[in-house]
There are 2 protein chains.
Amino acid sequence: MLLAEDDERQAEALRRYLVAEGHETTVVHDGETALQQARQQQFDLLVLDVMMPKLDGLQVCRTLRQESDVLMLMLTARSSEDDLLLGLDLGADDYLTKPFSPRELVARIRTLLRRVRTKPQESPAHRVGRLTVDEPRRTVTVDGIPIDCTAGEFAILAAMIRQPGRVFTRTQLLLHTRGIDRESTGRTIDVHVMNLRRKIEANPRRPQLLLTVYGVGYKLNAAAP
Amino acid sequence: MLLAEDDERQAEALRRYLVAEGHETTVVHDGETALQQARQQQFDLLVLDVMMPKLDGLQVCRTLRQESDVLMLMLTARSSEDDLLLGLDLGADDYLTKPFSPRELVARIRTLLRRVRTKPQESPAHRVGRLTVDEPRRTVTVDGIPIDCTAGEFAILAAMIRQPGRVFTRTQLLLHTRGIDRESTGRTIDVHVMNLRRKIEANPRRPQLLLTVYGVGYKLNAAAP
DNA sequence: ACGCGAATATCAGAATCCTGTCAGGCCAGA
DNA sequence: TCTGGCCTGACAGGATTCTGATATTCGCGT
C-alpha cells in the first residue's frame, strides 16, 4: 500500500495504524514521488492526500487512472462537495474528509480491498514458459534457477509479465523503470533488454521469451515452452 | 438498479435522478420486499436505506452478502461512526450519510459500477469474418492462424477493423501509419495493401476482405464469411 | 460490346528507419 | 573512494518503407 501525505506527523500516525492492520505501507510526501512509486511498483491500494506539494492528489489520481485500475482513496481537508465529486469523477474509488478517525480509514480500506480480492484470485508469482517473476519477493527464475536482476531490469520484466503477449513501447517501459514520463531518444531500454536476454535467454541472439516487435517495442512471448 | 427507501417522497426524488442518469431503477419501500426482489432479479447495484420497516438495511445487506457479490450502497440518517463501520463490515461496498446530495450519490454509483465493468473487459480483439486483430498484442490471425505483419501493415488493419465497412482514403490511412500528416503522391498505401492481401486473402487477385473502393480508397468487407 | 482515360496493382531497387551492440561517462550508495 | 548500475552517443547490419516505372483493371460514354 502507498500512503501519500505531506504532513509527516500525520503520515507517520497513519502508517503505524496501517502496519498494525497488517498492511505493508510505503510512505511518500509529495505527489510527484507518489506517481513515480505507483508506476514502478504495483500497490494494492493508494491513499492520496489531496493537498500535496509538486503534484496534488487530484492530479496524481487523474494521471494514474489513465494508466491503471489500481484502487485509490482520496483524503481531503476541504469538505466542499465539488472537490468530492471531482475526486470521484477523476477515478478515485473512495473519499474521506478530514478529520477522520483512523478506524474509519481502515474500515474503508478493508472494504475496497475485499471487493477486488474476492474477484481475481491472484497467484503471487507470474509465470511464462520457463520464466517466473515474483513481484513481492522480487525474484526471477528460469527453469527454477534464480536470476539476478537489477532494479531496472526487474521493472521491465514485471511490467511485461503482468500482461504476457502484450506489446510495450519503449516509452511505456521507461515509465515503469523510472516512473517519470520523459522522452528519451537513447538506447536505454534496448540496453536493458539486451542485458536481460543475456540472463534469461538460452541464446540471446535468437530470443524465445523477450521478443522485439519491430517498429513498436518489446513483448513477452506468451506461448513459450 | 434497486432502490430501497421507505420515505416515498425521497425515494421518488432519487429515482428520478437515477433514471435521468440512465439507470433503470426499481423502487421498493421495505427491507423484506428489497430482499425478495434482489433474489429474483440480478441487479447491477442495490441502494439500501438503513432505516426501513420489516427488515432494516443492515439485515438485508448481511443476508444478501452471504448469497451474492452484488454491489450494495447503504444510506443512513444516523451518522454514528459505529453504524458506518458496521455497515461496511457487513459487506456494503459504500456508505452515504444523510443528508447527501443526489449528485454525490450518482458520483459514487458511477465509481462503483466503473470498477466492476472494467474488470471483465478482456477481449479487445476485433473480428471481421475469418480475420482477427488484437491491438494490445499486435497480433493478426486468419482462421486462427497467426499472420506476421509489419508496423505499417498492422496500423492499416487496426484502423480499418475499428470501423468495419467504412471507407478510408489513402491520406487517412497514411495518417495512421506515419502518425503525421504527410503528403504523398506515391503508391505507398497501395503497396502496403498489396502486401497485406498476400498475407490475409486466399486469392489476392480477388480480395474478399480488404476491398478497394474505386476512386476513393479501401475498406474492410464487414460482411465476410 | 468496345474503347478510352483514369485509377489501381505490381515490381524491384533506393532511401530510410530500427535495432543490437559497444564503450565511455555519470550518479548514488557502500 | 570505489563499485555497480544507468544513460548516452555512435556504428553497422538488417528490416521496412518509399518511389518510380510499368502492367492491369475499372468506370463510363458510345
# chains A, B, ... in the order shown; residues from 1 in each chain; ligands from 1
>>> select_by_dssp(residues="chain A", states="strand (DSSP E)", output="PyMOL selection string")
chain A and resi 2-4+26-28+45-49+71-76+94-97+125-128+131-134+139-142+145-147+167-169+210-213+217-220
>>> residues_around(residues="segment 22-25 of chain D", least_positions_apart="5", cutoff="12 Å", atoms="only C-alpha atoms (C1' of nucleotides)", output="ChimeraX atom specification")
/B:205-206,212,214 /C:6-12
>>> closest_atom_pairs(of="chain A", to="chain C", cutoff="8 Å", atoms="only C-alpha atoms (C1' of nucleotides)", output="Markdown table")
| residue | atom | partner | partner_atom | distance |
| --- | --- | --- | --- | --- |
| A:Asp190 | CA | C:DG20 | C1' | 7.9 |
| A:Met194 | CA | C:DG20 | C1' | 7.8 |
| A:Tyr214 | CA | C:DC18 | C1' | 7.1 |
| A:Gly215 | CA | C:DC18 | C1' | 6.4 |
>>> write_last_selection(atoms="C-alpha atoms", output="PDB file, in the first residue's frame")
ATOM      1  CA  ASP A 190      17.447  -1.574 -25.610  1.00  0.00           C
ATOM      2  CA  MET A 194      19.932  -6.873 -24.123  1.00  0.00           C
ATOM      3  CA  TYR A 214       9.946  -4.265 -34.989  1.00  0.00           C
ATOM      4  CA  GLY A 215       8.900  -0.649 -35.152  1.00  0.00           C
TER       5      GLY A 215
END
>>> closest_atom_pairs(of="chain D", to="chain B", cutoff="8 Å", atoms="only C-alpha atoms (C1' of nucleotides)", output="tab-separated table")
residue	atom	partner	partner_atom	distance
D:DT16	C1'	B:Thr150	CA	7.6
D:DT17	C1'	B:Thr188	CA	7.8
D:DC18	C1'	B:Thr188	CA	6.3
D:DT19	C1'	B:Gly186	CA	6.7
D:DC26	C1'	B:Tyr214	CA	7.4
>>> write_last_selection(atoms="C-alpha atoms (C1' of nucleotides)", output="PDB file, in the first residue's frame")
ATOM      1  C1'  DT D  16      10.830  -1.773 -43.626  1.00  0.00           C
ATOM      2  C1'  DT D  17       9.044   1.828 -46.258  1.00  0.00           C
ATOM      3  C1'  DC D  18       9.070   4.710 -50.213  1.00  0.00           C
ATOM      4  C1'  DT D  19       9.490   5.727 -55.037  1.00  0.00           C
ATOM      5  C1'  DC D  26     -12.234  -0.045 -63.676  1.00  0.00           C
TER       6       DC D  26
END
>>> atom_distance(atom1="atom CA of Ile147 of chain A", atom2="atom CA of Ala38 of chain A")
24.7 Å
>>> interface_residues(of="chain B", to="chain A", cutoff="7 Å", atoms="only C-alpha atoms", output="mmCIF file with N, CA and C atoms, in the first residue's frame")
data_model
loop_
_atom_site.group_PDB
_atom_site.id
_atom_site.type_symbol
_atom_site.label_atom_id
_atom_site.label_comp_id
_atom_site.auth_asym_id
_atom_site.auth_seq_id
_atom_site.Cartn_x
_atom_site.Cartn_y
_atom_site.Cartn_z
ATOM 1 N N LEU B 85 -19.203 1.797 10.441
ATOM 2 C CA LEU B 85 -18.266 0.680 10.424
ATOM 3 C C LEU B 85 -19.019 -0.636 10.295
ATOM 4 N N LEU B 88 -20.129 -1.199 6.697
ATOM 5 C CA LEU B 88 -19.051 -1.606 5.794
ATOM 6 C C LEU B 88 -18.599 -3.030 6.103
ATOM 7 N N ASP B 93 -20.597 -1.982 -0.035
ATOM 8 C CA ASP B 93 -19.463 -1.529 -0.835
ATOM 9 C C ASP B 93 -19.224 -0.042 -0.692
ATOM 10 N N GLU B 104 -23.871 13.581 -5.328
ATOM 11 C CA GLU B 104 -22.862 12.736 -4.710
ATOM 12 C C GLU B 104 -23.226 11.268 -4.843
ATOM 13 N N ALA B 107 -22.435 10.144 -8.267
ATOM 14 C CA ALA B 107 -20.994 10.013 -8.494
ATOM 15 C C ALA B 107 -20.461 8.720 -7.880
ATOM 16 N N ARG B 108 -20.928 8.407 -6.690
ATOM 17 C CA ARG B 108 -20.447 7.180 -6.047
ATOM 18 C C ARG B 108 -20.923 5.939 -6.792
ATOM 19 N N THR B 111 -18.764 5.397 -9.720
ATOM 20 C CA THR B 111 -17.476 4.824 -9.331
ATOM 21 C C THR B 111 -17.573 3.325 -9.083
ATOM 22 N N PRO B 136 -3.594 -4.677 -28.434
ATOM 23 C CA PRO B 136 -2.518 -4.677 -27.436
ATOM 24 C C PRO B 136 -1.432 -5.708 -27.715
ATOM 25 N N ARG B 137 -1.839 -6.825 -28.251
ATOM 26 C CA ARG B 137 -0.840 -7.860 -28.535
ATOM 27 C C ARG B 137 -0.203 -7.692 -29.908
ATOM 28 N N ARG B 138 -0.831 -6.864 -30.712
ATOM 29 C CA ARG B 138 -0.343 -6.664 -32.075
ATOM 30 C C ARG B 138 -0.266 -7.975 -32.838
ATOM 31 N N ALA B 151 4.824 -3.051 -38.919
ATOM 32 C CA ALA B 151 4.153 -1.995 -38.162
ATOM 33 C C ALA B 151 3.154 -1.238 -39.041
#
>>> calpha_fit_and_write(fixed="chain B", moving="chain A", output="PDB file with C-alpha atoms, in the first residue's frame")
ATOM      1  CA  MET A   1     -15.673  -2.333 -11.438  1.00  0.00           C
ATOM      2  CA  LEU A   2     -16.906   1.226 -11.859  1.00  0.00           C
ATOM      3  CA  LEU A   3     -17.957   3.266  -8.855  1.00  0.00           C
ATOM      4  CA  ALA A   4     -19.909   6.440  -9.587  1.00  0.00           C
ATOM      5  CA  GLU A   5     -20.400   8.541  -6.467  1.00  0.00           C
ATOM      6  CA  ASP A   6     -20.253  12.297  -6.337  1.00  0.00           C
ATOM      7  CA  ASP A   7     -19.234  12.661  -2.699  1.00  0.00           C
ATOM      8  CA  GLU A   8     -15.483  12.316  -2.960  1.00  0.00           C
ATOM      9  CA  ARG A   9     -14.936  11.327   0.632  1.00  0.00           C
ATOM     10  CA  GLN A  10     -17.457   8.540   0.502  1.00  0.00           C
ATOM     11  CA  ALA A  11     -16.245   7.443  -2.898  1.00  0.00           C
ATOM     12  CA  GLU A  12     -12.724   7.089  -1.585  1.00  0.00           C
ATOM     13  CA  ALA A  13     -13.872   5.102   1.455  1.00  0.00           C
ATOM     14  CA  LEU A  14     -15.824   2.703  -0.694  1.00  0.00           C
ATOM     15  CA  ARG A  15     -13.037   2.398  -3.195  1.00  0.00           C
ATOM     16  CA  ARG A  16     -10.637   1.261  -0.494  1.00  0.00           C
ATOM     17  CA  TYR A  17     -13.113  -1.280   0.699  1.00  0.00           C
ATOM     18  CA  LEU A  18     -13.609  -2.638  -2.774  1.00  0.00           C
ATOM     19  CA  VAL A  19      -9.923  -2.711  -3.572  1.00  0.00           C
ATOM     20  CA  ALA A  20      -9.287  -4.526  -0.305  1.00  0.00           C
ATOM     21  CA  GLU A  21     -11.798  -7.108  -1.488  1.00  0.00           C
ATOM     22  CA  GLY A  22      -9.774  -7.594  -4.632  1.00  0.00           C
ATOM     23  CA  HIS A  23     -11.863  -5.547  -7.048  1.00  0.00           C
ATOM     24  CA  GLU A  24     -10.041  -3.320  -9.448  1.00  0.00           C
ATOM     25  CA  THR A  25     -12.044  -0.138  -9.069  1.00  0.00           C
ATOM     26  CA  THR A  26     -12.419   2.939 -11.247  1.00  0.00           C
ATOM     27  CA  VAL A  27     -14.029   5.954  -9.591  1.00  0.00           C
ATOM     28  CA  VAL A  28     -15.939   8.752 -11.285  1.00  0.00           C
ATOM     29  CA  HIS A  29     -17.919  11.574  -9.768  1.00  0.00           C
ATOM     30  CA  ASP A  30     -20.697  12.359 -12.198  1.00  0.00           C
ATOM     31  CA  GLY A  31     -23.167  10.529 -14.365  1.00  0.00           C
ATOM     32  CA  GLU A  32     -21.890  11.700 -17.676  1.00  0.00           C
ATOM     33  CA  THR A  33     -18.401  10.416 -17.024  1.00  0.00           C
ATOM     34  CA  ALA A  34     -19.850   7.186 -15.703  1.00  0.00           C
ATOM     35  CA  LEU A  35     -21.778   6.654 -18.917  1.00  0.00           C
ATOM     36  CA  GLN A  36     -18.756   7.443 -21.009  1.00  0.00           C
ATOM     37  CA  GLN A  37     -16.489   5.084 -19.088  1.00  0.00           C
ATOM     38  CA  ALA A  38     -19.035   2.292 -19.112  1.00  0.00           C
ATOM     39  CA  ARG A  39     -19.301   2.546 -22.854  1.00  0.00           C
ATOM     40  CA  GLN A  40     -15.602   2.538 -23.412  1.00  0.00           C
ATOM     41  CA  GLN A  41     -14.636  -0.246 -21.081  1.00  0.00           C
ATOM     42  CA  GLN A  42     -16.353  -3.436 -20.168  1.00  0.00           C
ATOM     43  CA  PHE A  43     -16.804  -3.490 -16.403  1.00  0.00           C
ATOM     44  CA  ASP A  44     -18.002  -6.474 -14.471  1.00  0.00           C
ATOM     45  CA  LEU A  45     -20.250  -4.277 -12.360  1.00  0.00           C
ATOM     46  CA  LEU A  46     -21.326  -0.659 -12.014  1.00  0.00           C
ATOM     47  CA  VAL A  47     -22.131   0.871  -8.628  1.00  0.00           C
ATOM     48  CA  LEU A  48     -24.156   4.006  -9.276  1.00  0.00           C
ATOM     49  CA  ASP A  49     -25.181   6.656  -6.820  1.00  0.00           C
ATOM     50  CA  VAL A  50     -28.607   7.939  -7.711  1.00  0.00           C
ATOM     51  CA  MET A  51     -27.797  11.541  -6.885  1.00  0.00           C
ATOM     52  CA  MET A  52     -25.064  12.801  -9.138  1.00  0.00           C
ATOM     53  CA  PRO A  53     -24.335  15.911 -11.145  1.00  0.00           C
ATOM     54  CA  LYS A  54     -24.989  16.194 -14.878  1.00  0.00           C
ATOM     55  CA  LEU A  55     -26.767  12.847 -15.197  1.00  0.00           C
ATOM     56  CA  ASP A  56     -28.281  11.070 -12.219  1.00  0.00           C
ATOM     57  CA  GLY A  57     -27.869   7.381 -11.579  1.00  0.00           C
ATOM     58  CA  LEU A  58     -31.323   6.504 -12.786  1.00  0.00           C
ATOM     59  CA  GLN A  59     -30.712   8.096 -16.147  1.00  0.00           C
ATOM     60  CA  VAL A  60     -27.376   6.377 -16.507  1.00  0.00           C
ATOM     61  CA  CYS A  61     -29.013   3.090 -15.616  1.00  0.00           C
ATOM     62  CA  ARG A  62     -31.806   3.481 -18.120  1.00  0.00           C
ATOM     63  CA  THR A  63     -29.516   4.549 -20.910  1.00  0.00           C
ATOM     64  CA  LEU A  64     -27.011   1.779 -20.391  1.00  0.00           C
ATOM     65  CA  ARG A  65     -29.608  -0.915 -20.008  1.00  0.00           C
ATOM     66  CA  GLN A  66     -30.637  -0.231 -23.595  1.00  0.00           C
ATOM     67  CA  GLU A  67     -27.153  -0.995 -24.748  1.00  0.00           C
ATOM     68  CA  SER A  68     -25.799  -3.678 -22.479  1.00  0.00           C
ATOM     69  CA  ASP A  69     -26.474  -6.332 -19.875  1.00  0.00           C
ATOM     70  CA  VAL A  70     -23.815  -5.141 -17.487  1.00  0.00           C
ATOM     71  CA  LEU A  71     -24.638  -5.548 -13.792  1.00  0.00           C
ATOM     72  CA  MET A  72     -25.737  -2.372 -12.058  1.00  0.00           C
ATOM     73  CA  LEU A  73     -26.205  -1.694  -8.374  1.00  0.00           C
ATOM     74  CA  MET A  74     -27.869   1.542  -7.319  1.00  0.00           C
ATOM     75  CA  LEU A  75     -27.150   3.573  -4.204  1.00  0.00           C
ATOM     76  CA  THR A  76     -29.634   6.093  -2.913  1.00  0.00           C
ATOM     77  CA  ALA A  77     -29.942   8.415   0.019  1.00  0.00           C
ATOM     78  CA  ARG A  78     -33.661   8.540  -0.391  1.00  0.00           C
ATOM     79  CA  SER A  79     -35.605   5.605   0.902  1.00  0.00           C
ATOM     80  CA  SER A  80     -38.869   6.196  -0.846  1.00  0.00           C
ATOM     81  CA  GLU A  81     -40.309   3.039  -2.194  1.00  0.00           C
ATOM     82  CA  ASP A  82     -41.080   4.641  -5.525  1.00  0.00           C
ATOM     83  CA  ASP A  83     -37.465   5.441  -6.161  1.00  0.00           C
ATOM     84  CA  LEU A  84     -36.581   1.905  -5.339  1.00  0.00           C
ATOM     85  CA  LEU A  85     -39.138   0.447  -7.681  1.00  0.00           C
ATOM     86  CA  LEU A  86     -38.178   2.885 -10.376  1.00  0.00           C
ATOM     87  CA  GLY A  87     -34.573   1.882 -10.090  1.00  0.00           C
ATOM     88  CA  LEU A  88     -35.273  -1.792 -10.339  1.00  0.00           C
ATOM     89  CA  ASP A  89     -37.708  -1.331 -13.190  1.00  0.00           C
ATOM     90  CA  LEU A  90     -35.190   0.692 -15.106  1.00  0.00           C
ATOM     91  CA  GLY A  91     -32.970  -2.321 -15.095  1.00  0.00           C
ATOM     92  CA  ALA A  92     -30.800  -2.101 -12.006  1.00  0.00           C
ATOM     93  CA  ASP A  93     -29.832  -5.452 -10.586  1.00  0.00           C
ATOM     94  CA  ASP A  94     -29.794  -4.444  -6.963  1.00  0.00           C
ATOM     95  CA  TYR A  95     -30.471  -1.460  -4.816  1.00  0.00           C
ATOM     96  CA  LEU A  96     -29.030  -0.214  -1.548  1.00  0.00           C
ATOM     97  CA  THR A  97     -30.344   2.597   0.630  1.00  0.00           C
ATOM     98  CA  LYS A  98     -27.970   4.881   2.479  1.00  0.00           C
ATOM     99  CA  PRO A  99     -26.783   4.607   5.091  1.00  0.00           C
ATOM    100  CA  PHE A 100     -25.497   1.126   4.450  1.00  0.00           C
ATOM    101  CA  SER A 101     -22.501  -0.700   5.785  1.00  0.00           C
ATOM    102  CA  PRO A 102     -19.620  -1.348   3.417  1.00  0.00           C
ATOM    103  CA  ARG A 103     -19.855  -4.987   4.425  1.00  0.00           C
ATOM    104  CA  GLU A 104     -23.372  -5.193   3.084  1.00  0.00           C
ATOM    105  CA  LEU A 105     -22.333  -3.570  -0.163  1.00  0.00           C
ATOM    106  CA  VAL A 106     -19.505  -6.023  -0.551  1.00  0.00           C
ATOM    107  CA  ALA A 107     -21.799  -8.937   0.191  1.00  0.00           C
ATOM    108  CA  ARG A 108     -24.331  -7.852  -2.387  1.00  0.00           C
ATOM    109  CA  ILE A 109     -21.636  -7.321  -4.938  1.00  0.00           C
ATOM    110  CA  ARG A 110     -20.319 -10.795  -4.293  1.00  0.00           C
ATOM    111  CA  THR A 111     -23.790 -12.182  -4.802  1.00  0.00           C
ATOM    112  CA  LEU A 112     -24.322 -10.369  -8.068  1.00  0.00           C
ATOM    113  CA  LEU A 113     -20.962 -11.394  -9.428  1.00  0.00           C
ATOM    114  CA  ARG A 114     -21.350 -14.990  -8.400  1.00  0.00           C
ATOM    115  CA  ARG A 115     -24.545 -15.158 -10.379  1.00  0.00           C
ATOM    116  CA  VAL A 116     -22.927 -14.139 -13.627  1.00  0.00           C
ATOM    117  CA  ARG A 117     -19.623 -15.824 -13.081  1.00  0.00           C
ATOM    118  CA  THR A 118     -21.098 -19.240 -12.549  1.00  0.00           C
ATOM    119  CA  LYS A 119     -22.832 -18.967 -15.871  1.00  0.00           C
ATOM    120  CA  PRO A 120     -20.535 -18.002 -18.716  1.00  0.00           C
ATOM    121  CA  GLN A 121     -16.980 -19.140 -18.358  1.00  0.00           C
ATOM    122  CA  GLU A 122     -15.286 -16.264 -20.006  1.00  0.00           C
ATOM    123  CA  SER A 123     -11.839 -16.675 -21.355  1.00  0.00           C
ATOM    124  CA  PRO A 124      -9.687 -13.655 -20.779  1.00  0.00           C
ATOM    125  CA  ALA A 125      -8.610 -13.170 -24.371  1.00  0.00           C
ATOM    126  CA  HIS A 126     -10.957 -13.148 -27.321  1.00  0.00           C
ATOM    127  CA  ARG A 127      -9.784 -14.714 -30.517  1.00  0.00           C
ATOM    128  CA  VAL A 128     -10.895 -14.589 -34.128  1.00  0.00           C
ATOM    129  CA  GLY A 129      -8.727 -16.279 -36.674  1.00  0.00           C
ATOM    130  CA  ARG A 130      -5.169 -15.118 -36.244  1.00  0.00           C
ATOM    131  CA  LEU A 131      -6.261 -12.138 -34.179  1.00  0.00           C
ATOM    132  CA  THR A 132      -6.442 -12.044 -30.390  1.00  0.00           C
ATOM    133  CA  VAL A 133      -7.618  -9.198 -28.178  1.00  0.00           C
ATOM    134  CA  ASP A 134      -7.013  -9.291 -24.452  1.00  0.00           C
ATOM    135  CA  GLU A 135      -9.153  -6.633 -22.854  1.00  0.00           C
ATOM    136  CA  PRO A 136      -7.765  -6.568 -19.332  1.00  0.00           C
ATOM    137  CA  ARG A 137      -4.218  -6.436 -20.652  1.00  0.00           C
ATOM    138  CA  ARG A 138      -5.085  -4.188 -23.564  1.00  0.00           C
ATOM    139  CA  THR A 139      -3.002  -6.226 -25.939  1.00  0.00           C
ATOM    140  CA  VAL A 140      -3.597  -7.235 -29.512  1.00  0.00           C
ATOM    141  CA  THR A 141      -1.737  -9.904 -31.414  1.00  0.00           C
ATOM    142  CA  VAL A 142      -1.769 -11.222 -34.942  1.00  0.00           C
ATOM    143  CA  ASP A 143      -0.244 -14.672 -35.360  1.00  0.00           C
ATOM    144  CA  GLY A 144       1.111 -14.206 -31.860  1.00  0.00           C
ATOM    145  CA  ILE A 145       2.957 -11.048 -32.808  1.00  0.00           C
ATOM    146  CA  PRO A 146       1.971  -8.138 -30.580  1.00  0.00           C
ATOM    147  CA  ILE A 147       0.470  -5.119 -32.303  1.00  0.00           C
ATOM    148  CA  ASP A 148       0.559  -1.550 -31.052  1.00  0.00           C
ATOM    149  CA  CYS A 149      -2.866  -0.011 -30.936  1.00  0.00           C
ATOM    150  CA  THR A 150      -4.023   3.437 -29.972  1.00  0.00           C
ATOM    151  CA  ALA A 151      -6.880   3.805 -27.508  1.00  0.00           C
ATOM    152  CA  GLY A 152      -9.413   4.475 -30.233  1.00  0.00           C
ATOM    153  CA  GLU A 153      -8.287   1.581 -32.336  1.00  0.00           C
ATOM    154  CA  PHE A 154      -8.363  -0.768 -29.390  1.00  0.00           C
ATOM    155  CA  ALA A 155     -11.856   0.325 -28.438  1.00  0.00           C
ATOM    156  CA  ILE A 156     -13.096  -0.506 -31.899  1.00  0.00           C
ATOM    157  CA  LEU A 157     -11.419  -3.883 -31.975  1.00  0.00           C
ATOM    158  CA  ALA A 158     -12.587  -4.767 -28.482  1.00  0.00           C
ATOM    159  CA  ALA A 159     -16.184  -3.885 -29.220  1.00  0.00           C
ATOM    160  CA  MET A 160     -16.183  -5.911 -32.382  1.00  0.00           C
ATOM    161  CA  ILE A 161     -14.438  -8.993 -31.081  1.00  0.00           C
ATOM    162  CA  ARG A 162     -16.931  -9.304 -28.269  1.00  0.00           C
ATOM    163  CA  GLN A 163     -19.454 -10.253 -30.896  1.00  0.00           C
ATOM    164  CA  PRO A 164     -17.556 -11.564 -33.885  1.00  0.00           C
ATOM    165  CA  GLY A 165     -19.538 -11.437 -37.069  1.00  0.00           C
ATOM    166  CA  ARG A 166     -21.968  -8.886 -35.828  1.00  0.00           C
ATOM    167  CA  VAL A 167     -22.170  -5.715 -37.888  1.00  0.00           C
ATOM    168  CA  PHE A 168     -21.553  -2.397 -36.166  1.00  0.00           C
ATOM    169  CA  THR A 169     -22.626   0.942 -37.531  1.00  0.00           C
ATOM    170  CA  ARG A 170     -20.241   3.862 -37.383  1.00  0.00           C
ATOM    171  CA  THR A 171     -22.402   5.484 -34.730  1.00  0.00           C
ATOM    172  CA  GLN A 172     -22.191   2.393 -32.552  1.00  0.00           C
ATOM    173  CA  LEU A 173     -18.450   2.280 -32.918  1.00  0.00           C
ATOM    174  CA  LEU A 174     -18.172   5.958 -32.092  1.00  0.00           C
ATOM    175  CA  LEU A 175     -20.015   5.204 -28.880  1.00  0.00           C
ATOM    176  CA  HIS A 176     -17.275   2.799 -27.921  1.00  0.00           C
ATOM    177  CA  THR A 177     -14.402   5.088 -28.757  1.00  0.00           C
ATOM    178  CA  ARG A 178     -15.715   8.301 -27.340  1.00  0.00           C
ATOM    179  CA  GLY A 179     -18.502   7.176 -25.058  1.00  0.00           C
ATOM    180  CA  ILE A 180     -20.587  10.133 -26.011  1.00  0.00           C
ATOM    181  CA  ASP A 181     -23.524   9.763 -28.302  1.00  0.00           C
ATOM    182  CA  ARG A 182     -22.656  12.376 -30.839  1.00  0.00           C
ATOM    183  CA  GLU A 183     -23.517  12.528 -34.474  1.00  0.00           C
ATOM    184  CA  SER A 184     -20.533  12.705 -36.726  1.00  0.00           C
ATOM    185  CA  THR A 185     -20.623  13.212 -40.422  1.00  0.00           C
ATOM    186  CA  GLY A 186     -16.900  12.822 -40.638  1.00  0.00           C
ATOM    187  CA  ARG A 187     -14.653  10.029 -41.641  1.00  0.00           C
ATOM    188  CA  THR A 188     -13.394   9.362 -38.126  1.00  0.00           C
ATOM    189  CA  ILE A 189     -14.247   5.703 -37.922  1.00  0.00           C
ATOM    190  CA  ASP A 190     -13.102   5.075 -41.459  1.00  0.00           C
ATOM    191  CA  VAL A 191      -9.724   6.470 -40.650  1.00  0.00           C
ATOM    192  CA  HIS A 192      -9.394   4.300 -37.571  1.00  0.00           C
ATOM    193  CA  VAL A 193     -10.430   1.267 -39.526  1.00  0.00           C
ATOM    194  CA  MET A 194      -7.924   2.060 -42.213  1.00  0.00           C
ATOM    195  CA  ASN A 195      -5.167   2.384 -39.660  1.00  0.00           C
ATOM    196  CA  LEU A 196      -6.219  -0.836 -38.012  1.00  0.00           C
ATOM    197  CA  ARG A 197      -6.158  -2.655 -41.306  1.00  0.00           C
ATOM    198  CA  ARG A 198      -2.661  -1.493 -41.938  1.00  0.00           C
ATOM    199  CA  LYS A 199      -1.701  -3.091 -38.656  1.00  0.00           C
ATOM    200  CA  ILE A 200      -3.609  -6.335 -38.639  1.00  0.00           C
ATOM    201  CA  GLU A 201      -4.275  -7.210 -42.257  1.00  0.00           C
ATOM    202  CA  ALA A 202      -1.761  -8.930 -44.468  1.00  0.00           C
ATOM    203  CA  ASN A 203      -3.062  -6.966 -47.414  1.00  0.00           C
ATOM    204  CA  PRO A 204      -4.987  -3.879 -46.324  1.00  0.00           C
ATOM    205  CA  ARG A 205      -6.464  -3.544 -49.787  1.00  0.00           C
ATOM    206  CA  ARG A 206      -8.132  -6.927 -49.442  1.00  0.00           C
ATOM    207  CA  PRO A 207      -9.178  -7.179 -45.798  1.00  0.00           C
ATOM    208  CA  GLN A 208      -9.691 -10.664 -44.391  1.00  0.00           C
ATOM    209  CA  LEU A 209     -10.556  -9.776 -40.818  1.00  0.00           C
ATOM    210  CA  LEU A 210     -11.959  -6.294 -40.595  1.00  0.00           C
ATOM    211  CA  LEU A 211     -14.593  -6.284 -43.291  1.00  0.00           C
ATOM    212  CA  THR A 212     -16.739  -3.432 -44.475  1.00  0.00           C
ATOM    213  CA  VAL A 213     -20.450  -3.983 -44.877  1.00  0.00           C
ATOM    214  CA  TYR A 214     -21.422  -1.598 -47.601  1.00  0.00           C
ATOM    215  CA  GLY A 215     -24.099   0.843 -46.569  1.00  0.00           C
ATOM    216  CA  VAL A 216     -24.038  -0.229 -42.929  1.00  0.00           C
ATOM    217  CA  GLY A 217     -20.685  -0.338 -41.203  1.00  0.00           C
ATOM    218  CA  TYR A 218     -17.975  -2.822 -40.323  1.00  0.00           C
ATOM    219  CA  LYS A 219     -17.675  -6.278 -38.873  1.00  0.00           C
ATOM    220  CA  LEU A 220     -15.101  -8.834 -37.877  1.00  0.00           C
ATOM    221  CA  ASN A 221     -14.986 -11.857 -40.076  1.00  0.00           C
ATOM    222  CA  ALA A 222     -16.003 -14.594 -37.662  1.00  0.00           C
ATOM    223  CA  ALA A 223     -14.875 -17.267 -40.114  1.00  0.00           C
ATOM    224  CA  ALA A 224     -11.282 -16.329 -40.656  1.00  0.00           C
ATOM    225  CA  PRO A 225      -8.301 -18.666 -41.087  1.00  0.00           C
TER     226      PRO A 225
END
